[in-house]
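Next comes run_30.cif, a file with mmCIF, C-alpha atoms and all ligand atoms.
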```
data_my_file
#
loop_
_atom_site.label_atom_id
_atom_site.label_comp_id
_atom_site.auth_asym_id
_atom_site.auth_seq_id
_atom_site.Cartn_x
_atom_site.Cartn_y
_atom_site.Cartn_z
CA MET A 295 5.07 66.37 -24.13
CA THR A 296 1.85 64.91 -22.79
CA GLY A 297 -0.33 66.15 -19.91
CA GLN A 298 0.34 69.51 -18.31
CA ALA A 299 2.60 72.02 -20.10
CA ALA A 300 6.14 72.36 -18.78
CA SER A 301 7.01 75.35 -16.64
CA PRO A 302 8.46 78.25 -18.63
CA VAL A 303 10.63 79.13 -15.61
CA PRO A 304 14.04 77.45 -14.94
CA VAL A 305 14.35 75.39 -11.75
CA ARG A 306 17.49 75.29 -9.60
CA VAL A 307 18.03 72.29 -7.32
CA ARG A 308 20.83 71.79 -4.81
CA ALA A 309 21.99 68.34 -3.64
CA PRO A 310 24.78 67.46 -1.18
CA GLY A 311 27.81 65.21 -1.28
CA LYS A 312 28.22 62.58 1.44
CA VAL A 313 30.66 60.87 3.70
CA ASN A 314 30.10 57.30 4.89
CA LEU A 315 30.33 57.25 8.69
CA ALA A 316 30.20 53.47 8.43
CA LEU A 317 30.44 51.25 5.39
CA CYS A 318 30.07 47.59 6.37
CA VAL A 319 30.42 45.35 3.32
CA ASP A 320 29.21 41.76 2.93
CA ARG A 321 30.42 39.44 0.19
CA LEU A 322 29.57 39.90 -3.49
CA GLY A 323 26.01 38.87 -4.40
CA ASP A 324 24.72 37.16 -7.57
CA ASP A 325 23.54 40.55 -8.89
CA GLY A 326 27.15 41.81 -9.04
CA TYR A 327 26.64 44.08 -6.02
CA HIS A 328 27.68 43.77 -2.40
CA ARG A 329 25.12 43.90 0.36
CA VAL A 330 26.10 46.81 2.60
CA ILE A 331 25.10 48.60 5.75
CA SER A 332 26.02 52.19 5.07
CA VAL A 333 25.59 55.09 7.46
CA PHE A 334 25.58 58.15 5.24
CA GLN A 335 25.95 61.76 6.28
CA ALA A 336 25.20 64.55 3.79
CA VAL A 337 27.77 67.34 4.01
CA SER A 338 27.82 70.95 2.87
CA LEU A 339 29.67 70.51 -0.41
CA TYR A 340 26.93 70.94 -2.99
CA GLU A 341 26.03 70.23 -6.57
CA ASP A 342 23.67 72.78 -8.16
CA VAL A 343 21.62 71.67 -11.14
CA LEU A 344 19.74 74.24 -13.20
CA ALA A 345 17.00 72.82 -15.42
CA SER A 346 15.76 75.22 -18.12
CA PRO A 347 13.01 74.77 -20.69
CA ALA A 348 14.41 73.60 -24.07
CA ASP A 349 13.35 71.65 -27.14
CA GLU A 350 15.71 68.78 -26.45
CA LEU A 351 18.05 67.36 -23.81
CA SER A 352 21.44 69.06 -23.44
CA LEU A 353 23.96 69.32 -20.61
CA THR A 354 26.80 71.64 -19.59
CA VAL A 355 29.09 71.43 -16.56
CA ALA A 356 31.03 74.10 -14.61
CA GLY A 357 32.74 74.31 -11.23
CA LEU A 358 35.09 71.95 -9.36
CA GLN A 359 36.95 69.50 -11.66
CA ALA A 360 34.32 70.16 -14.38
CA GLU A 361 36.78 69.06 -17.07
CA ARG A 362 36.63 65.50 -15.71
CA VAL A 363 32.85 65.17 -16.03
CA PRO A 364 31.18 63.78 -19.18
CA THR A 365 28.60 66.02 -20.87
CA ASP A 366 26.93 63.29 -22.93
CA ALA A 367 24.38 60.56 -22.27
CA THR A 368 26.79 58.85 -19.82
CA ASN A 369 26.38 61.72 -17.36
CA LEU A 370 24.20 60.53 -14.47
CA ALA A 371 22.10 63.73 -14.60
CA TRP A 372 21.39 63.17 -18.30
CA ARG A 373 20.39 59.56 -17.53
CA ALA A 374 18.17 60.79 -14.71
CA ALA A 375 16.31 63.17 -17.05
CA GLU A 376 15.83 60.40 -19.63
CA LEU A 377 14.65 57.90 -17.03
CA LEU A 378 12.11 60.31 -15.51
CA ALA A 379 10.80 61.32 -18.95
CA ALA A 380 10.35 57.68 -20.01
CA HIS A 381 8.69 56.80 -16.69
CA ALA A 382 6.29 59.78 -16.78
CA GLY A 383 5.60 59.61 -20.52
CA VAL A 384 6.91 63.08 -21.36
CA GLU A 385 9.60 64.32 -23.74
CA PRO A 386 13.07 64.71 -22.16
CA ALA A 387 13.07 68.38 -23.13
CA VAL A 388 15.45 70.23 -20.81
CA ALA A 389 18.76 72.10 -20.80
CA LEU A 390 20.69 70.94 -17.73
CA HIS A 391 23.53 72.98 -16.28
CA ILE A 392 25.56 71.49 -13.42
CA VAL A 393 27.75 73.55 -11.11
CA LYS A 394 29.97 71.10 -9.25
CA GLY A 395 31.13 71.55 -5.67
CA VAL A 396 31.76 67.88 -4.86
CA PRO A 397 34.97 66.25 -6.10
CA THR A 398 34.59 63.86 -9.06
CA ALA A 399 35.29 60.16 -8.40
CA GLY A 400 36.13 61.17 -4.83
CA GLY A 401 33.93 58.72 -2.93
CA MET A 402 31.58 61.57 -2.04
CA ALA A 403 28.84 60.71 -4.55
CA GLY A 404 28.96 63.90 -6.59
CA GLY A 405 27.53 62.23 -9.68
CA SER A 406 24.81 60.68 -7.54
CA ALA A 407 23.95 64.14 -6.18
CA ASP A 408 23.63 65.40 -9.77
CA ALA A 409 21.28 62.53 -10.61
CA ALA A 410 19.10 63.21 -7.57
CA ALA A 411 19.07 66.95 -8.30
CA ALA A 412 18.18 66.36 -11.96
CA LEU A 413 15.27 64.10 -10.95
CA VAL A 414 13.85 66.75 -8.60
CA ALA A 415 14.49 69.61 -11.06
CA CYS A 416 12.92 67.90 -14.09
CA ASP A 417 10.00 66.69 -11.99
CA ALA A 418 9.28 70.33 -11.13
CA LEU A 419 10.04 71.71 -14.62
CA TRP A 420 7.88 69.14 -16.39
CA ARG A 421 5.20 69.28 -13.67
CA THR A 422 5.20 65.50 -13.45
CA ASN A 423 4.95 65.86 -9.63
CA LEU A 424 5.88 62.29 -8.73
CA PRO A 425 5.63 61.23 -5.09
CA ARG A 426 9.03 61.08 -3.35
CA GLU A 427 8.80 57.26 -3.08
CA GLU A 428 8.52 57.01 -6.86
CA LEU A 429 11.47 59.37 -7.34
CA ALA A 430 13.41 57.16 -4.88
CA GLU A 431 12.69 54.08 -7.03
CA LEU A 432 14.00 55.86 -10.12
CA ALA A 433 16.99 57.05 -8.08
CA ALA A 434 17.87 53.45 -7.14
CA GLU A 435 17.89 52.48 -10.82
CA LEU A 436 20.50 55.17 -11.48
CA GLY A 437 22.96 54.14 -8.76
CA SER A 438 23.23 52.80 -5.22
CA ASP A 439 24.09 56.21 -3.71
CA VAL A 440 21.38 58.22 -5.53
CA PRO A 441 18.40 57.55 -3.18
CA PHE A 442 20.39 58.92 -0.21
CA ALA A 443 21.11 62.15 -2.11
CA LEU A 444 17.34 62.72 -2.28
CA VAL A 445 16.98 62.32 1.49
CA GLY A 446 20.17 63.85 2.90
CA HIS A 447 20.85 64.51 6.62
CA THR A 448 22.08 61.24 8.25
CA ALA A 449 20.59 57.93 7.19
CA VAL A 450 21.19 54.19 7.04
CA GLY A 451 21.36 52.51 3.63
CA THR A 452 20.80 48.76 3.32
CA GLY A 453 20.60 46.40 0.34
CA ARG A 454 23.04 47.85 -2.21
CA GLY A 455 22.96 50.98 -0.02
CA HIS A 456 19.83 52.12 -1.86
CA GLU A 457 17.17 51.36 0.76
CA VAL A 458 17.42 54.44 2.90
CA THR A 459 16.03 55.05 6.39
CA ALA A 460 16.56 58.36 8.21
CA ALA A 461 18.66 58.11 11.38
CA MET A 462 18.01 59.97 14.59
CA THR A 463 20.88 62.38 15.28
CA LEU A 464 21.68 65.40 17.39
CA GLY A 465 24.07 68.25 16.68
CA GLU A 466 26.38 69.13 13.81
CA TYR A 467 29.58 67.46 12.73
CA HIS A 468 32.55 69.39 11.37
CA TRP A 469 34.67 67.72 8.72
CA ALA A 470 38.04 68.40 7.15
CA LEU A 471 38.23 66.74 3.74
CA GLY A 472 41.51 65.82 2.09
CA LEU A 473 41.01 65.69 -1.71
CA ARG A 474 43.10 64.04 -4.43
CA ASP A 475 43.28 65.04 -8.09
CA GLU A 476 43.25 61.43 -9.18
CA GLY A 477 39.99 59.62 -8.44
CA LEU A 478 39.41 55.95 -7.60
CA SER A 479 36.97 53.71 -9.47
CA THR A 480 34.24 52.41 -7.18
CA ALA A 481 34.10 49.08 -9.05
CA ALA A 482 37.90 48.68 -8.77
CA VAL A 483 37.86 49.24 -4.99
CA TYR A 484 35.02 46.72 -4.49
CA GLY A 485 37.01 44.37 -6.78
CA ALA A 486 40.11 44.70 -4.57
CA PHE A 487 37.89 43.93 -1.54
CA ASP A 488 36.77 40.69 -3.28
CA ASP A 489 40.31 39.76 -4.33
CA ALA A 490 41.40 40.00 -0.69
CA GLY A 491 38.60 37.59 0.32
CA GLY A 492 36.54 40.41 1.81
CA GLY A 493 33.18 39.88 3.46
CA ALA A 494 34.13 36.48 4.85
CA GLY A 495 33.11 37.35 8.40
CA ASP A 496 32.34 40.20 10.78
CA TRP A 497 28.97 40.88 9.14
CA ASP A 498 26.07 42.18 11.17
CA ASP A 499 22.64 43.01 9.76
CA GLU A 500 22.41 46.14 11.89
CA PRO A 501 24.37 49.40 11.71
CA PRO A 502 27.11 49.54 14.38
CA THR A 503 25.35 50.09 17.73
CA ASP A 504 28.04 52.32 19.24
CA LEU A 505 28.09 54.59 16.17
CA MET A 506 24.30 54.98 16.12
CA GLN A 507 24.37 55.70 19.87
CA ALA A 508 27.02 58.41 19.34
CA LEU A 509 24.81 60.03 16.68
CA ARG A 510 21.74 59.94 18.93
CA ALA A 511 23.76 61.49 21.74
CA GLY A 512 25.24 64.16 19.44
CA ASP A 513 28.71 63.15 20.68
CA PRO A 514 31.41 63.86 18.06
CA ALA A 515 34.19 62.28 20.13
CA ALA A 516 32.25 59.01 20.40
CA LEU A 517 31.35 59.20 16.71
CA GLY A 518 34.99 59.77 15.78
CA ALA A 519 36.02 56.65 17.69
CA THR A 520 33.48 54.49 15.85
CA LEU A 521 33.92 55.55 12.19
CA ARG A 522 34.34 52.42 10.04
CA ASN A 523 34.91 51.66 6.37
CA ASP A 524 35.50 48.08 5.18
CA LEU A 525 36.75 49.42 1.81
CA GLU A 526 39.37 51.69 3.38
CA GLU A 527 42.37 49.34 3.37
CA HIS A 528 41.64 48.46 -0.28
CA ALA A 529 41.37 52.11 -1.33
CA ILE A 530 44.69 52.72 0.46
CA ALA A 531 46.25 49.69 -1.28
CA LEU A 532 45.27 51.22 -4.63
CA ASN A 533 46.51 54.67 -3.58
CA PRO A 534 49.08 54.27 -0.76
CA ALA A 535 49.51 58.05 -0.39
CA LEU A 536 46.13 58.13 1.38
CA ALA A 537 47.70 56.59 4.48
CA GLU A 538 49.81 59.73 4.92
CA ALA A 539 46.73 61.98 4.85
CA VAL A 540 45.06 59.77 7.47
CA ARG A 541 48.18 59.93 9.65
CA VAL A 542 48.51 63.73 9.42
CA ALA A 543 44.82 64.27 10.22
CA ARG A 544 45.19 62.05 13.31
CA LEU A 545 48.28 63.98 14.43
CA ALA A 546 46.26 67.19 14.08
CA GLY A 547 43.92 65.81 16.73
CA ALA A 548 41.02 64.63 14.56
CA LEU A 549 38.38 62.82 16.63
CA GLY A 550 38.31 60.17 13.91
CA VAL A 551 39.55 59.75 10.34
CA VAL A 552 38.04 57.61 7.61
CA VAL A 553 38.31 57.24 3.84
CA SER A 554 34.89 58.18 2.43
CA GLY A 555 33.19 55.35 0.52
CA SER A 556 35.48 54.04 -2.21
CA GLY A 557 37.86 56.99 -1.72
CA PRO A 558 40.16 58.70 -2.26
CA THR A 559 38.68 61.54 -0.14
CA VAL A 560 39.90 61.37 3.47
CA ALA A 561 37.31 62.65 5.96
CA ALA A 562 38.56 63.83 9.35
CA LEU A 563 36.14 64.79 12.12
CA GLY A 564 37.00 67.94 14.06
CA ARG A 565 35.82 69.12 17.48
CA SER A 566 34.50 72.36 15.94
CA ALA A 567 34.46 74.29 12.66
CA GLN A 568 37.73 75.93 13.72
CA HIS A 569 39.36 72.59 14.54
CA ALA A 570 38.25 71.20 11.14
CA LEU A 571 39.97 74.18 9.50
CA ALA A 572 43.14 73.46 11.51
CA ILE A 573 43.13 69.80 10.40
CA ALA A 574 42.66 70.90 6.78
CA ALA A 575 45.56 73.34 7.18
CA ALA A 576 47.75 70.57 8.63
CA MET A 577 47.03 68.31 5.63
CA THR A 578 47.87 71.17 3.26
CA ALA A 579 51.08 72.08 5.10
CA ALA A 580 52.25 68.46 5.09
CA GLY A 581 51.66 68.24 1.34
CA VAL A 582 49.75 64.96 1.71
CA VAL A 583 46.68 66.02 -0.33
CA ASP A 584 46.10 67.96 -3.54
CA ASP A 585 43.35 70.13 -2.07
CA VAL A 586 41.27 70.47 1.08
CA ALA A 587 37.75 71.53 1.97
CA THR A 588 35.78 71.83 5.17
CA ALA A 589 32.11 70.97 5.51
CA VAL A 590 29.39 70.49 8.09
CA GLY A 591 26.94 67.59 8.25
CA GLY A 592 24.16 66.63 8.10
CA VAL A 593 22.46 68.87 5.63
CA PRO A 594 19.25 68.38 3.61
CA GLY A 595 18.93 66.25 0.48
CA ALA A 596 18.07 67.47 -3.05
CA ARG A 597 15.74 70.46 -2.87
CA VAL A 598 14.56 73.31 -5.05
CA VAL A 599 16.47 76.51 -4.21
CA GLY A 600 15.48 78.72 -7.15
CA GLY A 601 12.79 79.13 -9.79
CA ILE A 602 9.43 77.49 -9.28
CA GLY A 603 8.84 75.76 -5.96
CA ALA A 604 11.66 77.64 -4.20
C1 LIG B 1 31.14 53.14 -2.18
C2 LIG B 1 29.77 53.80 -2.06
O1 LIG B 1 29.86 55.14 -2.56
C3 LIG B 1 29.41 53.89 -0.58
O2 LIG B 1 28.30 54.74 -0.36
C4 LIG B 1 28.69 53.04 -2.81
O3 LIG B 1 28.63 51.69 -2.36
C5 LIG B 1 28.86 53.08 -4.32
O4 LIG B 1 27.69 53.57 -4.86
P1 LIG B 1 27.57 54.04 -6.40
O5 LIG B 1 28.78 54.83 -6.79
O6 LIG B 1 26.22 54.67 -6.54
O7 LIG B 1 27.67 52.66 -7.12
P2 LIG B 1 26.83 52.04 -8.35
O8 LIG B 1 26.85 53.03 -9.48
O9 LIG B 1 25.53 51.53 -7.87
O10 LIG B 1 27.77 50.80 -8.72
C6 LIG B 1 29.05 50.96 -9.29
C7 LIG B 1 29.84 49.67 -9.07
O11 LIG B 1 30.22 49.54 -7.69
C8 LIG B 1 30.09 48.22 -7.25
N1 LIG B 1 29.12 48.17 -6.11
C9 LIG B 1 28.35 49.25 -5.79
C10 LIG B 1 27.47 49.20 -4.73
C11 LIG B 1 27.40 48.00 -3.98
N2 LIG B 1 26.57 47.88 -2.94
N3 LIG B 1 28.18 46.93 -4.32
C12 LIG B 1 29.05 47.01 -5.37
O12 LIG B 1 29.77 46.05 -5.64
C13 LIG B 1 29.67 47.39 -8.44
O13 LIG B 1 30.85 46.90 -9.02
C14 LIG B 1 29.02 48.41 -9.35
O14 LIG B 1 29.13 48.04 -10.70
N1 LIG B 2 27.32 64.12 -13.08
C1 LIG B 2 28.51 63.50 -12.93
N2 LIG B 2 29.45 64.04 -12.14
C2 LIG B 2 30.63 63.41 -11.96
N3 LIG B 2 30.97 62.27 -12.58
C3 LIG B 2 30.08 61.69 -13.37
C4 LIG B 2 28.81 62.27 -13.56
N4 LIG B 2 28.11 61.48 -14.39
C5 LIG B 2 28.92 60.44 -14.69
N5 LIG B 2 30.10 60.55 -14.09
C6 LIG B 2 31.21 59.56 -14.17
O1 LIG B 2 31.17 58.79 -12.97
C7 LIG B 2 32.46 58.66 -12.37
C8 LIG B 2 32.30 58.70 -10.84
O2 LIG B 2 31.79 59.95 -10.50
P1 LIG B 2 31.37 60.40 -9.02
O3 LIG B 2 31.90 61.77 -8.82
O4 LIG B 2 29.91 60.21 -8.81
O5 LIG B 2 32.17 59.36 -8.13
P2 LIG B 2 32.16 59.09 -6.61
O6 LIG B 2 31.96 60.37 -5.85
O7 LIG B 2 33.38 58.30 -6.27
O8 LIG B 2 30.88 58.20 -6.43
P3 LIG B 2 30.45 57.26 -5.23
O9 LIG B 2 30.87 57.89 -3.94
O10 LIG B 2 28.94 57.25 -5.39
O11 LIG B 2 31.10 55.94 -5.51
C9 LIG B 2 33.27 59.82 -12.92
O12 LIG B 2 34.60 59.43 -13.09
C10 LIG B 2 32.61 60.17 -14.24
O13 LIG B 2 33.26 59.55 -15.33
#
```

How does the structure come out when it is put into structure tokens?
Amino acid sequence: MTGQAASPVPVRVRAPGKVNLALCVDRLGDDGYHRVISVFQAVSLYEDVLASPADELSLTVAGLQAERVPTDATNLAWRAAELLAAHAGVEPAVALHIVKGVPTAGGMAGGSADAAAALVACDALWRTNLPREELAELAAELGSDVPFALVGHTAVGTGRGHEVTAAMTLGEYHWALGLRDEGLSTAAVYGAFDDAGGGAGDWDDEPPTDLMQALRAGDPAALGATLRNDLEEHAIALNPALAEAVRVARLAGALGVVVSGSGPTVAALGRSAQHALAIAAAMTAAGVVDDVATAVGGVPGARVVGGIGA
């Protein structure tokens, strides 16, 4: 370790999962990524990352679907710690412990939340104190969804989805989330979009005007009517059972229903917290999902909630 000594106190950082209120996808670029306009909303399903002083890098995982998450150098939180250490010129000396609350491979960016949380936690533990813009650059190297997990609330992502600008919004939004045990691969869903000739038209450089207006007005009914995901039909083609969850949520009076990101999580917007619970109950009763959750958005991005800096 160079520079200032690491903190002897563990740091706990919390980062949210997300739903995409809009995901407008252009055709595949030369870099192997699609240009997108993504309107993200951070929701109250959280990943907690505890970073403790240690001689070397190690990682453990507990919580929701923990058995499906790698604990080696392929884990995004592990990669985040290594990237920050290399960038700041310090040793990657930390014991990371992740407590998952966001479904894995669910289209809600749980791994991205872990990466963002690990960046913030190690930055505090190692006292590298990078400016947020520099953390955001590292975040973008780790994955397209990681910069948003640093920022949270509601924001527009451009480029690969990694160039994030906060959006003006009013009010809270109450979601019922239909979860599946079996995840979907993000690359496979984008691949299906390409195979179907996706991105051939209907591309606008701006986020959908009516959706942004609904957010500014704090109008959940208007927001529900304008939810959009260009990957949705391809996620449903790969997992046709999702269509049933969408149908049941609509019958339960959801203001709008959308597959989140690359799926398979189905996000249904309720009129209130109680209505979101009723939609979740309807999905459970109909047997169209493996599990349900309710959440409110938008909530803050990765932030220290325990240990130093809390
Ligand atoms: C579907 C979304 O979750 C919507 O927010 C994101 O676009 C995906 O973000 P992510 O999981 O952080 O994705 P990355 O780890 O950056 O990329 C995984 C794979 O998804 C595809 N990918 C991702 C982002 C993007 N704009 N275009 C793509 O084609 C690429 O095949 C890439 O190899
Ligand atoms: N910390 C992590 N948590 C969960 N999965 C991870 C993590 N690190 C690496 N992975 C791998 O990444 C895959 C996708 O995980 P993740 O939960 O981030 O997907 P996702 O929510 O669909 O992502 P996105 O919405 O950003 O496309 C998992 O199947 C797993 O193998």

Inset, instruction - Choose the residue, out of A:Ser406, A:Thr578, A:Gln359, A:Ser338, that has the smallest atom-to-atom separation from Glu538 (chain A); count only C-alpha atoms. - result: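 Checking each of A:Ser406, A:Thr578, A:Gln359, A:Ser338 against Glu538 (chain A), counting only C-alpha atoms, the winner is A:Thr578.
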
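In terms of minimum interatomic distance to Pro441 (chain A), A:Phe334 ranks closest within A:Trp420, A:Tyr484, A:Tyr340, A:Phe334, counting only C-alpha atoms.
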
Legend entry - Leu471 (chain A) environment, 9 Å, only C-alpha atoms, sequence neighbours closer than 6 positions dropped, as a PyMOL selection string: chain A and resi 559-563+570+573-574+585-589

Could you give me, as a Markdown table, every chain A residue with an atom at most 8 Å from ligand LIG 2 (chain B), plus its closest atom pair and distance in Å to one decimal, counting only C-alpha atoms and all ligand atoms, rows ordered by chain then number?
```
| residue | atom | partner | partner_atom | distance |
| --- | --- | --- | --- | --- |
| A:Gly311 | CA | B:LIG2 | O6 | 7.8 |
| A:Lys312 | CA | B:LIG2 | O9 | 7.6 |
| A:Arg362 | CA | B:LIG2 | C10 | 6.8 |
| A:Val363 | CA | B:LIG2 | N3 | 4.9 |
| A:Pro364 | CA | B:LIG2 | C5 | 6.0 |
| A:Thr365 | CA | B:LIG2 | N4 | 7.9 |
| A:Thr368 | CA | B:LIG2 | C5 | 5.8 |
| A:Asn369 | CA | B:LIG2 | N4 | 3.4 |
| A:Leu370 | CA | B:LIG2 | N4 | 4.0 |
| A:Ala371 | CA | B:LIG2 | N1 | 5.5 |
| A:Trp372 | CA | B:LIG2 | N4 | 8.0 |
| A:Ile392 | CA | B:LIG2 | N1 | 7.6 |
| A:Lys394 | CA | B:LIG2 | N2 | 7.6 |
| A:Val396 | CA | B:LIG2 | O3 | 7.3 |
| A:Pro397 | CA | B:LIG2 | O3 | 6.1 |
| A:Thr398 | CA | B:LIG2 | O3 | 3.4 |
| A:Ala399 | CA | B:LIG2 | O5 | 3.2 |
| A:Gly400 | CA | B:LIG2 | O7 | 4.2 |
| A:Gly401 | CA | B:LIG2 | O9 | 3.3 |
| A:Met402 | CA | B:LIG2 | O6 | 4.0 |
| A:Ala403 | CA | B:LIG2 | O6 | 3.4 |
| A:Gly404 | CA | B:LIG2 | O3 | 4.3 |
| A:Gly405 | CA | B:LIG2 | O4 | 3.2 |
| A:Ser406 | CA | B:LIG2 | O4 | 5.3 |
| A:Ala407 | CA | B:LIG2 | O4 | 7.6 |
| A:Asp408 | CA | B:LIG2 | N1 | 5.1 |
| A:Ala409 | CA | B:LIG2 | N1 | 6.7 |
| A:Gly437 | CA | B:LIG2 | O10 | 7.5 |
| A:Ser438 | CA | B:LIG2 | O10 | 7.2 |
| A:Asp439 | CA | B:LIG2 | O10 | 5.2 |
| A:Val440 | CA | B:LIG2 | O10 | 7.6 |
| A:Gly477 | CA | B:LIG2 | O7 | 7.1 |
| A:Leu478 | CA | B:LIG2 | O7 | 6.6 |
| A:Ser479 | CA | B:LIG2 | O7 | 6.6 |
| A:Thr480 | CA | B:LIG2 | O11 | 5.0 |
| A:Ser554 | CA | B:LIG2 | O9 | 7.5 |
| A:Gly555 | CA | B:LIG2 | O9 | 5.6 |
| A:Ser556 | CA | B:LIG2 | O11 | 5.8 |
| A:Gly557 | CA | B:LIG2 | O7 | 6.5 |
| A:Pro558 | CA | B:LIG2 | O7 | 7.9 |
```

Is it possible to get the axis-aligned box enclosing ligand LIG 1 (chain B) (all listed atoms, 4 Å extra per side) as lines of an AutoDock Vina configuration file, with centre and edge lengths in Å rounded to one decimal?
```
center_x = 28.3
center_y = 50.6
center_z = -5.5
size_x = 13.6
size_y = 17.1
size_z = 18.3
```

Inset, instruction - Enter the distance from CA of Leu464 (chain A) to CA of Leu517 (chain A), in Å, rounded to one decimal. - result: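 According to the coordinates, CA of Leu464 (chain A) and CA of Leu517 (chain A) are separated by 11.5 Å.
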
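Among the candidates A:Pro594, A:Gly451, A:Pro502, A:Pro534, the residue lying nearest to Ala411 (chain A) is A:Pro594 (atoms considered: all atoms listed in the file).
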
Inset, instruction - Considering all atoms listed in the file, return as an MDAnalysis selection string whatever protein or nucleic-acid residues lie within 8 Å of Asn523 (chain A), sequence-local ones (same chain, fewer than 3 positions apart) excluded. - result: chainID A and resid 314:318 526 552:555

Those selected residues, please, written with C-alpha atoms and delivered as a JSON list (two decimals), in the coordinates of the input.
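Here's the written file out.json:
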```json
[["chain", "number", "residue", "atom", "x", "y", "z"],
["A", 314, "ASN", "CA", 30.10, 57.30, 4.89],
["A", 315, "LEU", "CA", 30.33, 57.25, 8.69],
["A", 316, "ALA", "CA", 30.20, 53.47, 8.43],
["A", 317, "LEU", "CA", 30.44, 51.25, 5.39],
["A", 318, "CYS", "CA", 30.07, 47.59, 6.37],
["A", 526, "GLU", "CA", 39.37, 51.69, 3.38],
["A", 552, "VAL", "CA", 38.04, 57.61, 7.61],
["A", 553, "VAL", "CA", 38.31, 57.24, 3.84],
["A", 554, "SER", "CA", 34.89, 58.18, 2.43],
["A", 555, "GLY", "CA", 33.19, 55.35, 0.52]]
```

Inset, instruction - Could you tell me which of A:His328, A:Arg597, A:His528, A:His447 comes closest to ligand LIG 1 (chain B) if we count only C-alpha atoms and all ligand atoms? - result: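 Comparing A:His328, A:Arg597, A:His528, A:His447 against ligand LIG 1 (chain B), the winner is A:His328.
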
Inset, instruction - List every protein, DNA or RNA residue with an atom no more than 12 Å from (16.7, 59.9, 10.2) in the file's coordinates, counting all atoms listed in the file, and format the result as a ChimeraX atom specification. - result: /A:333-336,442,445-451,458-464,506,509-510,592-595

Can region 422-435 of chain A be brought up to N, CA and C atoms and written out as a PDB file, keeping the file's coordinate frame?
```
ATOM      1  N   THR A 422       5.615  66.903 -13.547  1.00  0.00           N
ATOM      2  CA  THR A 422       5.200  65.500 -13.450  1.00  0.00           C
ATOM      3  C   THR A 422       4.842  65.157 -12.000  1.00  0.00           C
ATOM      4  N   ASN A 423       5.360  65.930 -11.047  1.00  0.00           N
ATOM      5  CA  ASN A 423       4.950  65.860  -9.630  1.00  0.00           C
ATOM      6  C   ASN A 423       4.846  64.431  -9.071  1.00  0.00           C
ATOM      7  N   LEU A 424       5.892  63.655  -9.258  1.00  0.00           N
ATOM      8  CA  LEU A 424       5.880  62.290  -8.730  1.00  0.00           C
ATOM      9  C   LEU A 424       6.013  62.322  -7.209  1.00  0.00           C
ATOM     10  N   PRO A 425       5.385  61.353  -6.527  1.00  0.00           N
ATOM     11  CA  PRO A 425       5.630  61.230  -5.090  1.00  0.00           C
ATOM     12  C   PRO A 425       7.097  60.907  -4.843  1.00  0.00           C
ATOM     13  N   ARG A 426       7.604  61.299  -3.672  1.00  0.00           N
ATOM     14  CA  ARG A 426       9.030  61.080  -3.350  1.00  0.00           C
ATOM     15  C   ARG A 426       9.415  59.594  -3.426  1.00  0.00           C
ATOM     16  N   GLU A 427       8.476  58.696  -3.051  1.00  0.00           N
ATOM     17  CA  GLU A 427       8.800  57.260  -3.080  1.00  0.00           C
ATOM     18  C   GLU A 427       9.059  56.802  -4.526  1.00  0.00           C
ATOM     19  N   GLU A 428       8.324  57.393  -5.466  1.00  0.00           N
ATOM     20  CA  GLU A 428       8.520  57.010  -6.860  1.00  0.00           C
ATOM     21  C   GLU A 428       9.848  57.577  -7.379  1.00  0.00           C
ATOM     22  N   LEU A 429      10.161  58.798  -6.972  1.00  0.00           N
ATOM     23  CA  LEU A 429      11.470  59.370  -7.340  1.00  0.00           C
ATOM     24  C   LEU A 429      12.590  58.507  -6.758  1.00  0.00           C
ATOM     25  N   ALA A 430      12.382  57.993  -5.525  1.00  0.00           N
ATOM     26  CA  ALA A 430      13.410  57.160  -4.880  1.00  0.00           C
ATOM     27  C   ALA A 430      13.616  55.863  -5.665  1.00  0.00           C
ATOM     28  N   GLU A 431      12.541  55.302  -6.225  1.00  0.00           N
ATOM     29  CA  GLU A 431      12.690  54.080  -7.030  1.00  0.00           C
ATOM     30  C   GLU A 431      13.495  54.360  -8.295  1.00  0.00           C
ATOM     31  N   LEU A 432      13.215  55.482  -8.939  1.00  0.00           N
ATOM     32  CA  LEU A 432      14.000  55.860 -10.120  1.00  0.00           C
ATOM     33  C   LEU A 432      15.453  56.101  -9.719  1.00  0.00           C
ATOM     34  N   ALA A 433      15.634  56.758  -8.575  1.00  0.00           N
ATOM     35  CA  ALA A 433      16.990  57.050  -8.080  1.00  0.00           C
ATOM     36  C   ALA A 433      17.791  55.766  -7.935  1.00  0.00           C
ATOM     37  N   ALA A 434      17.162  54.721  -7.378  1.00  0.00           N
ATOM     38  CA  ALA A 434      17.870  53.450  -7.140  1.00  0.00           C
ATOM     39  C   ALA A 434      18.275  52.790  -8.450  1.00  0.00           C
ATOM     40  N   GLU A 435      17.511  53.036  -9.509  1.00  0.00           N
ATOM     41  CA  GLU A 435      17.890  52.480 -10.820  1.00  0.00           C
ATOM     42  C   GLU A 435      19.153  53.162 -11.356  1.00  0.00           C
TER      43      GLU A 435
END
```
